[in-house]
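Trainee: Below is one structure. I have some questions about it.
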Amino acid sequence: MWLLLFDSLVPAGFPSPAEDHRGVKLDLNRLLLPHPDSTYLVRVMGDSMTGGESGIRDGALLAVDCQLEAQPDDVVVAMLEGGFTVKRLVKRGPEAWFLVPDNPCYPEVRITEPDLFTVWGVVTHVVTETRRGRLSSHVRVS
Amino acid sequence: MFALVDCNNFYVSCERAFQPRLEGKPVVVLSNNDGCLISRSAEAKALGLRMGEPYFKVKDLIQRHEVRVFSSNYALYGDMSARVMHYLSSVVPEVEVYSIDEAFLDLHGMGRYHGDLATLAATMRYQIRKRTHIPVCIGIAPTKTLAKLANRLAKKSPLLNGVLHLDTPERVQWALEQTPVEDVWGIGGQYTQKLYSQGISTAAQLAAMSEGWARKQLGGVVGARLVRELQGTPCHGLAPSEDGSLSRKSIACTRTFAQPVSAFTDVVAAVAYFASRAAEKLRRQQSAANTLTVFISKNRFGTEPPPHTRSSVLTLPVATSDTVELLRYTRTALKRIWEPGAVYRKAGVILDGLETAGQQQLLLFESNEQAERRAKLMSDLDRLNERFGKNTVQFAVALPANIHAQVPWVGQSQWRTPAYTTCWDDLLFIRA
């Protein structure tokens, strides 16, 4: 005679109807870092991007994908005069490129000398906290 | 066809990837404990700073020219290297990771899919630059030795845009003529002198020699292969790891001490610390080692005559990754070379002959049960250290006699940049 083995405990009660529908845990890495080899996490300091559509506040965590080609209106991390900055890349007219802050209180920069400017990577995701949590605790003191 | 992809001034380039203001400026990276120069930007090379030069000897020159100095940041370099290697393995089917900044690629049959191999190389070069901001040069040739040679020439001549493909016999001949014999892969200092004394000063002259001559003059079959490779006949295949992982073939943990060390207990503690770290790395890539080398070095700039370094090599009865075993052998190896009264500046442990853990040859009389318990102990140890931080639990022999004192072998790295890519607290800050 053959007996069937049920691979789940059945305590005195009703078996879980969800048993057959168990999925895998959602993995945020797959959303934020689809290209782990070319994506870098960086922190934002300053509020020149605050208030706009990007939702980039002071202290936000950004996922920056460096393999993407920057398109007009992308938010990018740019290298400008030897330093990094995060701004929106805007094209006005055929050859006129600007780095535009989302916060209107800050000035925009026209890219006049393309030699001194490169896109380091394209910002793909923004992580912020609505309540002080782990992200705020990881602030480098220096 | 083989390709050699080599990152330019890799450590300096990693630093520059996160500090664009270093572009165009002289930059150097120092070895562990800020001992010697181990990576130099082109601008630093132009100032006459040489590879391996001790920092204290060139400090004046460095200050005078405002050379930017960094301590080595291996967390960063390791992560950036993995990014480059993973990209390469997504493009070509077989990659041999030759070192942290070099990889051989097997391009056989790739032409069919990608057309011209030089164009493929240019694409890879562009993509690596874009993804990691690290410049690389790529040499392509019928043999590994020629690929290495092509890579060197691609580095030297900016006109080549970082790629040199030796696709015709004429180009191979040209490349051989451009290369001094001492720059051929596998020709060391000893053979250089010997070759020069016989009037052979370029790779082309060496390639013109017969195989029989090479067998006689350059150490038998090794020399014969070298010459055949230069002549365009492949003798070395690609050696990617069997399981396709990018694990290493030898693991070393060596340091220059921040302060000199002479008591036996201190020297033991230092090498035990290195052996423990190496064993950890070994277990992380699921390997076991069958050869252990321990070396200790005295001050090579002191008044004592050479040799300044003594080493001792042990062949282990069974390949192992067990820290307890390795510590026991390390101590034995050290006892053979330690001299009372000597002052040591540097030490290291190197594990070679790596085998896949679990597949090594076993001893006839070993009890299996004990081995299993030990393996469990090691994996518990690694888990604890992973969860609660490096060195939370370690073997007492690897601790200094005075545990409150500054440990000379963990020592100083005054100018280390943050681990931008591997540590939450160290992420790059970007001004908005």
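Numbering starts fresh at 1 for the residues of each chain in the structure tokens, the chains themselves are lettered A, B, ... in the order given, and ligands are numbered from 1 as they appear.
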Find the residues near region 116-125 of chain A: any atom within 9 Å, counting only C-alpha atoms, skip ones fewer than 4 places away on the same chain, and give them as a VMD selection string.

Mentor: (chain A and resid 31 to 32 39 to 40 61 to 71 74 to 82 84 86 111 to 112) or (chain B and resid 130 to 131 133)

Trainee: Per residue of chain B within 9 Å of chain A, what are the shortest atom pair and its distance in Å to one decimal, counting only C-alpha atoms, with rows by chain and residue number, as JSON lines?

Mentor:
```
{"residue": "B:Phe18", "atom": "CA", "partner": "A:Phe84", "partner_atom": "CA", "distance": 8.9}
{"residue": "B:Gln19", "atom": "CA", "partner": "A:Gly83", "partner_atom": "CA", "distance": 7.3}
{"residue": "B:Pro20", "atom": "CA", "partner": "A:Gly82", "partner_atom": "CA", "distance": 5.2}
{"residue": "B:Arg21", "atom": "CA", "partner": "A:Gly82", "partner_atom": "CA", "distance": 4.0}
{"residue": "B:Leu22", "atom": "CA", "partner": "A:Gly82", "partner_atom": "CA", "distance": 7.6}
{"residue": "B:Glu23", "atom": "CA", "partner": "A:Gly82", "partner_atom": "CA", "distance": 7.7}
{"residue": "B:Met80", "atom": "CA", "partner": "A:Asp37", "partner_atom": "CA", "distance": 8.6}
{"residue": "B:Ala82", "atom": "CA", "partner": "A:Asp37", "partner_atom": "CA", "distance": 8.0}
{"residue": "B:Arg83", "atom": "CA", "partner": "A:Asp37", "partner_atom": "CA", "distance": 4.8}
{"residue": "B:Val84", "atom": "CA", "partner": "A:Asp37", "partner_atom": "CA", "distance": 7.7}
{"residue": "B:His86", "atom": "CA", "partner": "A:Asp37", "partner_atom": "CA", "distance": 7.1}
{"residue": "B:Tyr87", "atom": "CA", "partner": "A:Asp37", "partner_atom": "CA", "distance": 7.1}
{"residue": "B:Gln127", "atom": "CA", "partner": "A:Gln67", "partner_atom": "CA", "distance": 7.3}
{"residue": "B:Ile128", "atom": "CA", "partner": "A:Gln67", "partner_atom": "CA", "distance": 8.9}
{"residue": "B:Lys130", "atom": "CA", "partner": "A:Gln67", "partner_atom": "CA", "distance": 5.9}
{"residue": "B:Arg131", "atom": "CA", "partner": "A:Ser38", "partner_atom": "CA", "distance": 4.7}
{"residue": "B:Thr132", "atom": "CA", "partner": "A:Ser38", "partner_atom": "CA", "distance": 6.5}
{"residue": "B:His133", "atom": "CA", "partner": "A:Trp120", "partner_atom": "CA", "distance": 8.1}
{"residue": "B:Tyr420", "atom": "CA", "partner": "A:Val42", "partner_atom": "CA", "distance": 8.3}
{"residue": "B:Thr421", "atom": "CA", "partner": "A:Tyr40", "partner_atom": "CA", "distance": 6.7}
{"residue": "B:Trp424", "atom": "CA", "partner": "A:His138", "partner_atom": "CA", "distance": 6.3}
{"residue": "B:Asp425", "atom": "CA", "partner": "A:His138", "partner_atom": "CA", "distance": 5.0}
{"residue": "B:Asp426", "atom": "CA", "partner": "A:Arg140", "partner_atom": "CA", "distance": 6.6}
{"residue": "B:Leu427", "atom": "CA", "partner": "A:Val42", "partner_atom": "CA", "distance": 5.4}
{"residue": "B:Leu428", "atom": "CA", "partner": "A:Val42", "partner_atom": "CA", "distance": 4.9}
{"residue": "B:Phe429", "atom": "CA", "partner": "A:Arg43", "partner_atom": "CA", "distance": 4.7}
{"residue": "B:Ile430", "atom": "CA", "partner": "A:Val44", "partner_atom": "CA", "distance": 5.0}
{"residue": "B:Arg431", "atom": "CA", "partner": "A:Met45", "partner_atom": "CA", "distance": 4.8}
{"residue": "B:Ala432", "atom": "CA", "partner": "A:Gly46", "partner_atom": "CA", "distance": 4.9}
```

Trainee: DSSP says alpha helix (DSSP H) for which residues of region 148-349 of chain B? Put them as a PyMOL selection string?

Mentor: chain B and resi 148-156+169-178+189-197+203-207+211-217+221-230+264-284+323-337

Trainee: Go ahead and compute the interatomic distance for CA of Gly24 (chain B) and CA of Pro135 (chain B), in Å to one decimal.

Mentor: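 Rounded to one decimal, the two atoms are 13.3 Å apart.
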
Trainee: Restricting the calculation to only C-alpha atoms, which member of B:Tyr11, B:Trp415, B:Tyr126, B:Phe104 is positioned closest to Asp79 (chain B)?

Mentor: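 Distance minimum relative to Asp79 (chain B) lands on B:Tyr11.
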
Trainee: Find the residues near region 197-209 of chain B: any atom within 9 Å, counting only C-alpha atoms, skip ones fewer than 3 places away on the same chain, and give them as an MDAnalysis selection string.

Mentor: chainID B and resid 173:184 192:194 212:214 226:231

Trainee: Between CA of Leu164 (chain B) and CA of Gly186 (chain B), what distance in Å does the model show, to one decimal?

Mentor: 20.5 Å

Trainee: Check the DSSP output for the backbone and give back, as a list in words, the residues of region 333-397 of chain B in strand (DSSP E or B).

Mentor: Tyr344, Arg345, Lys346, Ala347, Gly348, Val349, Ile350, Leu351, Asp352, Gly353, Leu354, Glu355 and Thr356 of chain B

Trainee: Could you please take those selected residues and save C-alpha atoms as a JSON list (two decimals), in the first residue's frame?

Mentor:
```json
[["chain", "number", "residue", "atom", "x", "y", "z"],
["B", 344, "TYR", "CA", 61.38, 42.97, 10.33],
["B", 345, "ARG", "CA", 59.59, 45.54, 8.22],
["B", 346, "LYS", "CA", 57.34, 43.38, 6.14],
["B", 347, "ALA", "CA", 55.78, 39.92, 6.11],
["B", 348, "GLY", "CA", 53.28, 37.95, 4.16],
["B", 349, "VAL", "CA", 51.48, 34.70, 3.58],
["B", 350, "ILE", "CA", 50.75, 33.36, 0.11],
["B", 351, "LEU", "CA", 48.43, 30.45, -0.60],
["B", 352, "ASP", "CA", 48.89, 28.63, -3.92],
["B", 353, "GLY", "CA", 47.77, 25.47, -5.59],
["B", 354, "LEU", "CA", 44.12, 26.22, -5.10],
["B", 355, "GLU", "CA", 41.67, 23.38, -5.50],
["B", 356, "THR", "CA", 37.91, 23.41, -5.34]]
```

Trainee: Within 12 Å of Gln406 (chain B), counting only C-alpha atoms, which residues qualify if same-chain residues fewer than 6 places away don't, as a PyMOL selection string?

Mentor: chain B and resi 257-259+399-400+412

Trainee: What does the distance from CA of Ala17 (chain B) to CA of Gln414 (chain B) come to in Å, to one decimal?

Mentor: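 Separation of CA of Ala17 (chain B) and CA of Gln414 (chain B): 20.1 Å.
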